[in-house]
Structure formats: C-alpha cells, structure tokens
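Listing of work.txt; format and content: compact mmCIF, C-alpha atoms.
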```
# COMPACT_ATOMS: atom_id res chain seq x y z
CA MET A 29 44.31 -119.59 172.66
CA SER A 30 44.03 -118.32 176.19
CA ASP A 31 44.81 -120.36 179.27
CA PHE A 32 41.40 -121.26 180.62
CA ARG A 33 40.06 -124.65 181.53
CA ARG A 34 37.88 -126.21 178.87
CA PRO A 35 34.71 -128.00 179.99
CA LEU A 36 35.04 -131.79 180.17
CA GLY A 37 33.92 -133.45 176.96
CA PHE A 38 35.03 -130.85 174.42
CA GLU A 39 37.73 -132.98 172.78
CA GLU A 40 35.51 -136.07 172.94
CA VAL A 41 33.27 -134.35 170.40
CA LEU A 42 36.13 -134.22 167.90
CA ARG A 43 37.40 -137.73 168.55
CA PRO A 44 36.04 -140.58 166.38
CA PRO A 45 33.75 -142.93 168.38
CA ILE A 46 36.30 -145.74 168.24
CA ASP A 47 39.50 -146.62 170.07
CA ILE A 48 42.38 -145.64 167.78
CA ARG A 49 44.60 -148.05 169.70
CA ARG A 50 42.71 -150.87 167.95
CA ALA A 51 44.19 -149.89 164.60
CA ARG A 52 46.09 -152.77 163.03
CA ILE A 53 47.74 -151.10 160.06
CA THR A 54 48.23 -147.48 161.02
CA GLN A 55 50.26 -146.18 163.91
CA ALA A 56 48.18 -143.86 166.09
CA VAL A 57 49.45 -140.30 166.33
CA LEU A 58 48.29 -138.90 169.64
CA ARG A 59 47.58 -135.20 170.00
CA PRO A 60 50.49 -133.48 171.76
CA PRO A 61 49.83 -132.27 175.31
CA GLY A 62 49.61 -128.67 176.41
CA ARG A 63 48.99 -125.60 174.30
CA ALA A 64 50.15 -127.24 171.06
CA GLY A 65 47.47 -129.88 171.52
CA ASP A 66 44.92 -127.21 172.34
CA ALA A 67 45.81 -125.35 169.16
CA ALA A 68 45.30 -128.51 167.07
CA ALA A 69 41.90 -129.13 168.68
CA TYR A 70 40.76 -125.54 168.17
CA ALA A 71 42.01 -125.54 164.57
CA GLN A 72 39.92 -128.64 163.87
CA LEU A 73 36.92 -127.07 165.60
CA ALA A 74 37.29 -123.96 163.44
CA ARG A 75 37.33 -126.09 160.27
CA ILE A 76 34.17 -127.90 161.37
CA ILE A 77 32.43 -124.60 162.09
CA ARG A 78 33.24 -123.19 158.66
CA ARG A 79 32.17 -126.50 157.10
CA ALA A 80 35.47 -127.47 155.52
CA PRO A 81 34.99 -130.20 152.89
CA GLU A 82 35.07 -133.69 154.40
CA VAL A 83 37.40 -136.27 152.90
CA VAL A 84 36.17 -139.69 151.85
CA VAL A 85 38.36 -142.74 152.33
CA LYS A 86 36.39 -145.85 151.47
CA ILE A 87 37.27 -149.51 150.98
CA THR A 88 35.19 -150.38 147.94
CA GLY A 89 36.00 -154.07 147.53
CA THR A 90 38.52 -156.86 147.20
CA THR A 91 39.85 -158.95 144.33
CA MET A 92 39.93 -162.70 144.83
CA ASP A 93 42.22 -164.04 142.08
CA ALA A 94 44.52 -162.96 139.27
CA GLY A 95 41.68 -162.61 136.76
CA HIS A 96 39.58 -160.51 139.11
CA LEU A 97 42.57 -158.27 139.88
CA ARG A 98 43.35 -157.93 136.18
CA HIS A 99 39.81 -156.74 135.43
CA HIS A 100 39.95 -154.28 138.33
CA LEU A 101 43.29 -152.83 137.22
CA ASP A 102 41.90 -152.58 133.67
CA TYR A 103 39.08 -150.48 135.09
CA ILE A 104 41.19 -148.06 137.16
CA SER A 105 43.75 -147.73 134.33
CA ARG A 106 41.00 -147.27 131.74
CA ASN A 107 42.26 -150.36 129.89
CA GLY A 108 45.85 -149.16 130.01
CA LYS A 109 45.17 -145.59 128.87
CA LEU A 110 46.05 -144.26 132.34
CA GLY A 111 49.39 -145.11 133.87
CA LEU A 112 49.32 -146.73 137.31
CA GLU A 113 51.75 -145.28 139.81
CA GLY A 114 53.33 -147.29 142.60
CA PRO A 115 55.78 -146.61 145.42
CA ASP A 116 58.71 -144.28 144.69
CA GLY A 117 57.14 -143.14 141.41
CA GLU A 118 57.16 -146.60 139.83
CA ARG A 119 55.01 -146.52 136.67
CA HIS A 120 52.99 -149.23 134.89
CA GLU A 121 52.11 -147.97 131.42
CA GLY A 122 49.88 -149.83 128.99
CA ARG A 123 47.57 -152.80 129.34
CA ALA A 124 50.32 -155.41 129.07
CA ALA A 125 52.23 -153.90 131.99
CA VAL A 126 49.04 -153.78 134.04
CA HIS A 127 48.35 -157.46 133.35
CA ASP A 128 51.93 -158.36 134.23
CA LEU A 129 51.50 -156.62 137.58
CA ALA A 130 48.30 -158.54 138.30
CA GLY A 131 50.03 -161.81 137.52
CA ALA A 132 53.03 -160.97 139.70
CA TRP A 133 50.88 -160.08 142.72
CA ALA A 134 48.79 -163.23 142.39
CA ALA A 135 51.92 -165.41 141.97
CA GLU A 136 53.51 -164.00 145.14
CA LEU A 137 50.30 -164.56 147.06
CA ALA A 138 50.12 -168.17 145.86
CA LEU A 139 53.45 -168.84 147.58
CA GLU A 140 52.12 -167.71 150.98
CA PRO A 141 52.30 -170.64 153.45
CA GLY A 142 48.89 -171.88 154.56
CA ARG A 143 47.00 -169.53 152.25
CA ARG A 144 43.28 -170.23 151.97
CA ARG A 145 41.79 -170.48 148.50
CA ASP A 146 39.27 -167.73 149.27
CA SER A 147 41.89 -165.26 150.52
CA PRO A 148 41.76 -161.92 148.67
CA VAL A 149 44.60 -160.70 146.47
CA SER A 150 44.09 -156.96 146.92
CA ARG A 151 41.90 -154.34 148.55
CA SER A 152 40.43 -151.44 146.62
CA ILE A 153 40.29 -147.98 148.21
CA VAL A 154 38.79 -144.75 146.90
CA LEU A 155 40.09 -141.35 148.04
CA SER A 156 37.83 -138.46 147.11
CA MET A 157 36.73 -134.93 147.87
CA PRO A 158 33.71 -132.85 146.84
CA ALA A 159 33.37 -131.44 143.34
CA GLY A 160 35.59 -128.47 142.64
CA THR A 161 38.70 -129.84 144.32
CA ASP A 162 41.90 -129.34 142.32
CA PRO A 163 42.52 -132.79 140.73
CA MET A 164 46.31 -132.50 140.68
CA ARG A 165 46.53 -131.52 144.35
CA LEU A 166 44.19 -134.39 145.16
CA HIS A 167 46.46 -136.73 143.19
CA ASP A 168 49.56 -135.42 144.96
CA ALA A 169 47.88 -135.79 148.36
CA ALA A 170 46.91 -139.38 147.48
CA ARG A 171 50.53 -140.12 146.60
CA ALA A 172 51.67 -138.79 150.00
CA PHE A 173 48.89 -140.67 151.80
CA ALA A 174 49.78 -143.99 150.16
CA LYS A 175 53.47 -143.57 150.92
CA GLU A 176 52.85 -142.70 154.58
CA THR A 177 50.18 -145.32 155.17
CA PHE A 178 51.57 -148.32 153.29
CA GLY A 179 55.18 -147.32 152.57
CA GLU A 180 57.32 -150.34 151.82
CA ARG A 181 55.07 -152.72 153.75
CA PHE A 182 52.29 -153.25 151.20
CA PRO A 183 52.76 -152.86 147.41
CA TYR A 184 50.18 -150.55 145.85
CA VAL A 185 49.23 -148.71 142.66
CA PHE A 186 46.88 -145.80 142.14
CA ALA A 187 45.32 -143.69 139.39
CA LEU A 188 43.43 -140.41 139.25
CA HIS A 189 39.98 -140.28 137.64
CA ASP A 190 39.13 -136.65 136.89
CA GLU A 191 36.88 -136.92 133.88
CA ASP A 192 33.73 -136.15 135.90
CA ARG A 193 32.74 -133.35 138.29
CA GLN A 194 34.14 -135.13 141.34
CA PRO A 195 37.80 -136.14 140.97
CA HIS A 196 38.87 -139.20 142.92
CA VAL A 197 41.77 -141.59 143.21
CA HIS A 198 41.53 -145.38 142.98
CA LEU A 199 44.16 -146.99 145.20
CA THR A 200 44.71 -150.76 145.02
CA VAL A 201 46.84 -152.38 147.73
CA ARG A 202 48.17 -155.93 147.73
CA VAL A 203 46.90 -157.86 150.74
CA LEU A 204 50.15 -159.71 151.38
CA GLY A 205 52.76 -157.40 152.87
CA ALA A 206 56.50 -157.57 152.38
CA ASP A 207 56.85 -158.77 155.98
CA GLY A 208 54.30 -161.56 155.52
CA ARG A 209 51.52 -159.73 157.33
CA ARG A 210 48.12 -159.32 155.71
CA LEU A 211 46.25 -156.09 155.10
CA ASN A 212 43.16 -156.44 157.29
CA PRO A 213 42.21 -152.91 158.42
CA ARG A 214 39.76 -152.15 161.20
CA LYS A 215 37.45 -149.17 161.62
CA ALA A 216 40.17 -147.50 163.68
CA ASP A 217 42.53 -147.73 160.71
CA LEU A 218 39.95 -146.10 158.44
CA ALA A 219 39.48 -143.25 160.91
CA LEU A 220 43.23 -142.65 161.00
CA TRP A 221 43.44 -142.95 157.20
CA ARG A 222 40.86 -140.14 156.88
CA GLN A 223 42.92 -137.94 159.19
CA THR A 224 46.12 -138.70 157.28
CA PHE A 225 44.53 -137.94 153.91
CA ALA A 226 42.95 -134.72 155.19
CA GLN A 227 46.31 -133.53 156.53
CA ALA A 228 47.99 -134.36 153.22
CA LEU A 229 45.42 -132.19 151.42
CA ARG A 230 45.86 -129.31 153.88
CA ASP A 231 49.63 -129.53 153.43
CA ARG A 232 48.97 -128.83 149.74
CA GLY A 233 46.67 -125.87 150.30
CA VAL A 234 43.36 -127.74 150.03
CA GLU A 235 40.83 -127.08 152.78
CA ALA A 236 39.87 -130.51 154.13
CA GLU A 237 38.65 -132.11 157.34
CA ALA A 238 38.08 -135.62 158.69
CA SER A 239 35.70 -134.96 161.56
CA PRO A 240 33.37 -137.58 163.06
CA ARG A 241 29.74 -137.31 161.99
CA ARG A 242 28.56 -136.64 165.53
CA ALA A 243 30.55 -133.37 165.69
CA ARG A 244 28.52 -132.13 162.69
CA GLY A 245 25.18 -133.23 164.11
CA VAL A 246 24.92 -136.11 161.62
CA ILE A 247 23.57 -139.24 163.27
CA ARG A 248 22.99 -141.58 160.34
CA LYS A 249 25.62 -143.35 158.28
CA ALA A 250 25.83 -142.52 154.61
CA GLU A 251 23.80 -144.77 152.35
CA ARG A 252 25.86 -147.64 150.98
CA THR A 253 26.65 -147.30 147.28
CA PRO A 254 24.91 -150.55 146.15
CA VAL A 255 21.75 -149.59 148.08
CA ARG A 256 21.83 -146.07 146.64
CA LYS A 257 22.12 -147.40 143.09
CA LEU A 258 19.23 -149.85 143.65
CA ARG A 259 17.12 -147.07 145.16
CA GLU A 260 17.83 -144.78 142.21
CA ARG A 261 16.91 -147.56 139.77
CA PHE A 262 13.66 -148.09 141.69
CA ALA A 263 12.91 -144.34 141.65
CA ASP A 264 13.44 -144.31 137.87
CA GLY A 265 11.11 -147.30 137.44
CA ARG A 266 13.93 -149.63 136.35
CA GLY A 267 13.90 -152.14 139.17
CA ALA A 268 12.43 -153.33 142.46
CA ALA A 269 12.82 -151.46 145.72
CA PRO A 270 15.88 -152.51 147.78
CA LYS A 271 14.97 -154.88 150.62
CA VAL A 272 16.80 -152.60 153.06
CA LEU A 273 14.57 -149.67 152.06
CA VAL A 274 11.39 -151.78 152.22
CA GLY A 275 12.26 -152.93 155.72
CA ALA A 276 13.05 -149.38 156.83
CA VAL A 277 9.70 -148.12 155.52
CA ARG A 278 7.84 -150.88 157.34
CA ASP A 279 9.60 -149.99 160.58
CA ALA A 280 8.80 -146.31 160.03
CA ILE A 281 5.06 -146.97 159.79
CA ASP A 282 4.82 -147.66 163.51
CA TRP A 283 8.21 -146.45 164.78
CA ARG A 284 6.61 -144.75 167.82
CA ALA A 285 5.49 -148.16 169.07
CA LYS A 286 8.93 -149.65 168.57
CA GLN A 287 11.26 -147.36 170.49
CA VAL A 288 14.54 -149.23 170.90
CA PRO A 289 17.32 -148.60 173.43
CA TRP A 290 19.90 -147.52 170.87
CA ASP A 291 17.61 -144.70 169.65
CA THR A 292 17.43 -143.35 173.18
CA ALA A 293 21.20 -143.68 173.59
CA LEU A 294 21.76 -141.88 170.29
CA ARG A 295 19.63 -138.92 171.36
CA GLU A 296 21.35 -138.72 174.73
CA ARG A 297 24.78 -138.79 173.09
CA GLN A 298 23.81 -135.91 170.81
CA ARG A 299 22.52 -133.95 173.83
CA ARG A 300 25.87 -134.43 175.59
CA ILE A 301 27.79 -133.38 172.51
CA ARG A 302 25.73 -130.25 171.99
CA ARG A 303 25.98 -129.31 175.67
CA ALA A 304 29.77 -129.69 175.50
CA LEU A 305 29.97 -127.48 172.43
CA ALA A 306 27.65 -124.88 173.96
CA ALA A 307 29.73 -124.82 177.16
CA GLU A 308 32.89 -124.38 175.10
CA ALA A 309 31.28 -121.46 173.26
CA VAL A 310 30.51 -119.76 176.59
CA ALA A 311 34.08 -120.34 177.84
CA LEU A 312 35.55 -118.89 174.65
CA SER A 313 33.27 -115.86 174.85
CA ARG A 314 34.79 -115.02 178.26
CA SER A 315 38.38 -115.12 177.02
CA ASP A 316 40.59 -112.03 177.07
CA ARG A 317 41.66 -112.70 173.49
CA ALA A 318 39.57 -111.35 170.61
CA GLU A 319 40.25 -114.41 168.44
CA ASP A 320 38.85 -116.66 171.18
CA ARG A 321 35.69 -114.59 171.42
CA ILE A 322 35.25 -114.65 167.64
CA LEU A 323 35.59 -118.44 167.64
CA GLY A 324 33.16 -118.66 170.56
CA ALA A 325 30.53 -116.65 168.68
CA ALA A 326 30.98 -118.81 165.58
CA LEU A 327 30.71 -121.96 167.69
CA ALA A 328 27.50 -120.74 169.35
CA GLU A 329 26.00 -120.13 165.91
CA HIS A 330 27.20 -123.57 164.79
CA VAL A 331 25.41 -125.23 167.72
CA ARG A 332 22.19 -123.33 166.95
CA ALA A 333 22.38 -124.41 163.30
CA LEU A 334 22.94 -128.12 164.00
CA PRO A 335 20.18 -130.22 162.40
CA LYS A 336 17.37 -131.65 164.44
CA VAL A 337 18.13 -135.11 165.82
CA GLU A 338 16.04 -137.38 163.61
CA ILE A 339 16.48 -141.13 163.28
CA ARG A 340 15.87 -142.91 159.95
CA ALA A 341 12.39 -144.13 160.91
CA GLU A 342 11.32 -140.61 161.87
CA GLN A 343 12.64 -139.25 158.58
CA LEU A 344 10.78 -141.84 156.52
CA ALA A 345 7.60 -141.32 158.54
CA ARG A 346 7.80 -137.55 158.07
CA MET A 347 8.42 -137.94 154.33
CA GLY A 348 5.44 -140.28 154.10
CA GLN A 349 3.21 -137.81 155.92
CA GLU A 350 4.37 -134.96 153.69
CA GLN A 351 3.68 -136.99 150.55
CA HIS A 352 0.27 -138.02 151.90
CA GLY A 353 -0.52 -134.38 152.66
CA ASP A 354 0.48 -133.33 149.16
CA VAL A 355 -1.84 -135.97 147.68
CA GLY A 356 -4.68 -134.75 149.90
CA ARG A 357 -4.17 -131.13 148.87
CA LYS A 358 -4.09 -132.12 145.18
CA ARG A 359 -7.46 -133.80 145.61
```
Please rewrite the model in this file as structure tokens.
Amino acid sequence: MSDFRRPLGFEEVLRPPIDIRRARITQAVLRPPGRAGDAAAYAQLARIIRRAPEVVVKITGTTMDAGHLRHHLDYISRNGKLGLEGPDGERHEGRAAVHDLAGAWAAELALEPGRRRDSPVSRSIVLSMPAGTDPMRLHDAARAFAKETFGERFPYVFALHDEDRQPHVHLTVRVLGADGRRLNPRKADLALWRQTFAQALRDRGVEAEASPRRARGVIRKAERTPVRKLRERFADGRGAAPKVLVGAVRDAIDWRAKQVPWDTALRERQRRIRRALAAEAVALSRSDRAEDRILGAALAEHVRALPKVEIRAEQLARMGQEQHGDVGRKR
C-alpha cells in the first residue's frame, strides 16, 4: 500500500468493540506497527469487502458433574462411534474410554482446594463455518486452534461433526487448568479466539474472517439458539411464543414513543463508522498505486451496499405493517 495518511478511525472500524487487554485466557497479539501493520489492516478490509465467510466460535454450555460431562461426551462422540482427540494427538476411542475420561476430569476437579459444589467441570465450545467448508480443513484448523489457545494449560478433547450441511467441531475444555487456574473467559477472549480460528483456517487455504459486526453494517446480535428454537416451534404451531419475542413485539408497537439513548448512540456509531470507511475509500482512490485504487473503488461500493441502520423494534414494526398490508390487499 502507498504511504499516505489514513483518516482517523479507519482501524477502529476493524477492531472489536472491546478492550482486548481484558482477556483472561488468551494473550493479545497486537498488530505490528508501520507498513506491515497497514498491510494486515488492508488485507482484513479486503476480506470484509468480498464478504469472506465469518467464523463462529461459541461457548454453548458447561457441565456441572461427572454424569453431566459423561452425557455431553457421549453426545459429541456419538456414543463412542467417533474418537475424541486431545492434546498431542491423544485419542479416546469407544464409549468406555470416553466415560473413563469424564471420571478422571471430575476426580481431579474434586481435589481442588476450596472448590464450590456448583463449580462447572468443563466448558463446551463450538467452532463452525458456513455450509460448503471443507470438513477436514476445518478439523485441522480446530486442532491448531485448540493447541494454540489451550496448549498444556487446560486439558481438552474435540470431535468433528460433518454429517449435515454445515460441518462443525465440538471442543470440550476442562475448567481446572494444570496450573490451578480456572477457565473463565471474557468477551475479549472470545474475540481473540475468533481471530485465532480464522487465521488457522486461512493458513490451511480456507477463506475466513473474524470481523466485528459493526464493520459489516450489522447492528443486532445474532438470535440466541434457545430463543431461535422456541420461535421456530411457535411458527410451526408446536409451542408458545418465546417471552423475549413477545416483549420485543410489544415494544415495537409504539417504539417511536420510546426512543432510548442507546438507540441514538447506536445510530451515531454507525454514522461514524461509515464516514471513516467512505473517507478511506476516497484516500485510496487518490493513491498512485493501481491496487490501492481498485481497493478504494471496492470499498466505496461496499459502503453504498451496507444495510440500512434498523433497530429490532423498527424491524418488527415494519414486518407487522407489511403483514397488515398483505391482509388488507387480500381482503
């Protein structure tokens, strides 16, 4: 990239909206200064523009005792039909070996001084990518991610599930570390885990990114899995509407009369982000290098294509109006 001064705020768009120094488990890797750092930032920007698949790293739950852990490991090993892999290629084959592992983890945790009875035994993590991702490369990337993230500090096992359209890896990590510390990740750790997993995939030839939602014009968090399942059951007529959805619909009925400060702050943040990206597109378009100008044109188009800023209440209100209009036209 050429040596011109980028407008203030460009890299803030790419940075997760959390302080990575607050990470407890993962060591923060700061972007190198100078042109190497610029190249990393522009490479990430280019991936966002071309809509590289976004990785998913999600903590899906905890196990609370040996029996709970045993049932969970039965699930991810398909009752022993899939081998569980641990650090350094360690393998646990068959249901008996899986149950032995659950008992060993729980026994070691029971010896922890001052342990509370409600302390978890393990944390469950899912690593996934969109449908179409090569399952074996995903599995290999998960192996590298687990080794780099947990290494010899926290025992872990993982298994690939690739029987459906979207391959994913279930990773189970023991809460009690070898040094006596407990696995209690913060949001900053999860942000760094996404970056680590995305890099592991790219190292294996899989296009992947771990960008913050705000850089893609997404302002709402993804729907939580339990809520999504309840909503789908309700839509199919097999259950009641989730309380979260009912409350959101009620708020949407008169959302214009209930403007709240965080909605205003959200809109202003998106305006700043889009201005920073637009300014960067102009700066790139004035570069002497053809590759800069090409990236600038792609960035300008990306900014124009960003979705309209719409909060949840507005979306529900609009959907309600559209449905009401459809009913009126049918009449």
> Of the candidates A:Glu235, A:Asp162, A:Glu180, A:Asp128, which shows the shortest atom-to-atom distance to Val201 (chain A), using all atoms listed in the file?
Replying inline: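 So, comparing all the options, the nearest one is A:Glu180.
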Around the point (46.5, -159.7, 149.4) (coordinates from the file), which residues reach within 9 Å if we count all atoms listed in the file? Answer as a PDB file with C-alpha atoms, in the frame of the given file.
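To be explicit, this is the file written out as out_32.pdb:
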```
ATOM      1  CA  THR A  90      38.520-156.860 147.200  1.00  0.00           C
ATOM      2  CA  THR A  91      39.850-158.950 144.330  1.00  0.00           C
ATOM      3  CA  MET A  92      39.930-162.700 144.830  1.00  0.00           C
ATOM      4  CA  TRP A 133      50.880-160.080 142.720  1.00  0.00           C
ATOM      5  CA  ALA A 134      48.790-163.230 142.390  1.00  0.00           C
ATOM      6  CA  LEU A 137      50.300-164.560 147.060  1.00  0.00           C
ATOM      7  CA  SER A 147      41.890-165.260 150.520  1.00  0.00           C
ATOM      8  CA  PRO A 148      41.760-161.920 148.670  1.00  0.00           C
ATOM      9  CA  VAL A 149      44.600-160.700 146.470  1.00  0.00           C
ATOM     10  CA  SER A 150      44.090-156.960 146.920  1.00  0.00           C
ATOM     11  CA  ARG A 151      41.900-154.340 148.550  1.00  0.00           C
ATOM     12  CA  PHE A 182      52.290-153.250 151.200  1.00  0.00           C
ATOM     13  CA  VAL A 201      46.840-152.380 147.730  1.00  0.00           C
ATOM     14  CA  ARG A 202      48.170-155.930 147.730  1.00  0.00           C
ATOM     15  CA  VAL A 203      46.900-157.860 150.740  1.00  0.00           C
ATOM     16  CA  LEU A 204      50.150-159.710 151.380  1.00  0.00           C
ATOM     17  CA  GLY A 205      52.760-157.400 152.870  1.00  0.00           C
ATOM     18  CA  ARG A 210      48.120-159.320 155.710  1.00  0.00           C
ATOM     19  CA  LEU A 211      46.250-156.090 155.100  1.00  0.00           C
TER      20      LEU A 211
END
```
> Distance CA of Ile301 (chain A)-CA of Arg321 (chain A), one decimal place?
Replying inline: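 The value is 20.4 Å.
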> If you count only C-alpha atoms, which residues fall within 12 Å of Leu229 (chain A), apart from same-chain ones fewer than 5 positions away, as a PyMOL selection string?
Replying inline: chain A and resi 80-84+155-157+161-173+222-224+234-238
Kindly save the residues from that selection, with C-alpha atoms included, as a CSV table (one decimal), keeping the file's coordinate frame.
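Just written: out-v7.csv:
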```csv
chain,number,residue,atom,x,y,z
A,80,ALA,CA,35.5,-127.5,155.5
A,81,PRO,CA,35.0,-130.2,152.9
A,82,GLU,CA,35.1,-133.7,154.4
A,83,VAL,CA,37.4,-136.3,152.9
A,84,VAL,CA,36.2,-139.7,151.8
A,155,LEU,CA,40.1,-141.4,148.0
A,156,SER,CA,37.8,-138.5,147.1
A,157,MET,CA,36.7,-134.9,147.9
A,161,THR,CA,38.7,-129.8,144.3
A,162,ASP,CA,41.9,-129.3,142.3
A,163,PRO,CA,42.5,-132.8,140.7
A,164,MET,CA,46.3,-132.5,140.7
A,165,ARG,CA,46.5,-131.5,144.4
A,166,LEU,CA,44.2,-134.4,145.2
A,167,HIS,CA,46.5,-136.7,143.2
A,168,ASP,CA,49.6,-135.4,145.0
A,169,ALA,CA,47.9,-135.8,148.4
A,170,ALA,CA,46.9,-139.4,147.5
A,171,ARG,CA,50.5,-140.1,146.6
A,172,ALA,CA,51.7,-138.8,150.0
A,173,PHE,CA,48.9,-140.7,151.8
A,222,ARG,CA,40.9,-140.1,156.9
A,223,GLN,CA,42.9,-137.9,159.2
A,224,THR,CA,46.1,-138.7,157.3
A,234,VAL,CA,43.4,-127.7,150.0
A,235,GLU,CA,40.8,-127.1,152.8
A,236,ALA,CA,39.9,-130.5,154.1
A,237,GLU,CA,38.6,-132.1,157.3
A,238,ALA,CA,38.1,-135.6,158.7
```
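Neighbourhood of point (34.1, -114.2, 175.3): residues with an atom at most 12 Å away, counting all atoms listed in the file, are Met29, Ser30, Phe32, Ala307, Glu308, Ala309, Val310, Ala311, Leu312, Ser313, Arg314, Ser315, Asp316, Arg317, Ala318, Glu319, Asp320, Arg321, Ile322, Leu323, Gly324, Ala325, Ala326, Leu327 and Ala328 of chain A.
The shortest atom-to-atom distance to Gly111 (chain A), with all atoms listed in the file taken into account, belongs to A:Ala187 out of A:Ala187, A:Val85, A:Leu42, A:Leu220.
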>> As an exercise, work out the distance from CA of Glu329 (chain A) to CA of Arg78 (chain A) in Å and give it to one decimal place.
In response: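 We find that CA of Glu329 (chain A) and CA of Arg78 (chain A) lie 10.7 Å from each other.
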> Leaving out Arg79 (chain A) and any residue of its chain fewer than 4 positions from it, which residues lie within 9 Å of it when counting all atoms listed in the file, given as a list in words?
Replying inline: Ala74, Arg75, Glu237 and Arg244 of chain A
Can those selected residues be exported to a file as a CSV table (one decimal), in the frame of the given file so that it contains C-alpha atoms?
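The resulting file, out03.csv, is reproduced below:
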```csv
chain,number,residue,atom,x,y,z
A,74,ALA,CA,37.3,-124.0,163.4
A,75,ARG,CA,37.3,-126.1,160.3
A,237,GLU,CA,38.6,-132.1,157.3
A,244,ARG,CA,28.5,-132.1,162.7
```
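Separating CA of Ala243 (chain A) from CA of Asp217 (chain A) is a distance of 19.4 Å.
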> Of the residues A:Ala94, A:Ala159, A:Leu305, A:Leu112, which is the one nearest to Ala138 (chain A), using all atoms listed in the file?
Replying inline: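 Checking each of A:Ala94, A:Ala159, A:Leu305, A:Leu112 against Ala138 (chain A), counting all atoms listed in the file, the winner is A:Ala94.
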>> Which residues are near Gly114 (chain A)? Cut-off 10 Å, all atoms listed in the file, ignore same chain within fewer than 5 positions. Put them as number ranges by chain.
In response: A: 119-120, 171, 174-175, 183-187, 199-201
>> Taking only C-alpha atoms into account, name the residue in A:His330, A:Ala226, A:Lys86, A:Gly160 that is nearest to Arg193 (chain A).
In response: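 Using only C-alpha atoms, Arg193 (chain A) sits closest to A:Gly160.
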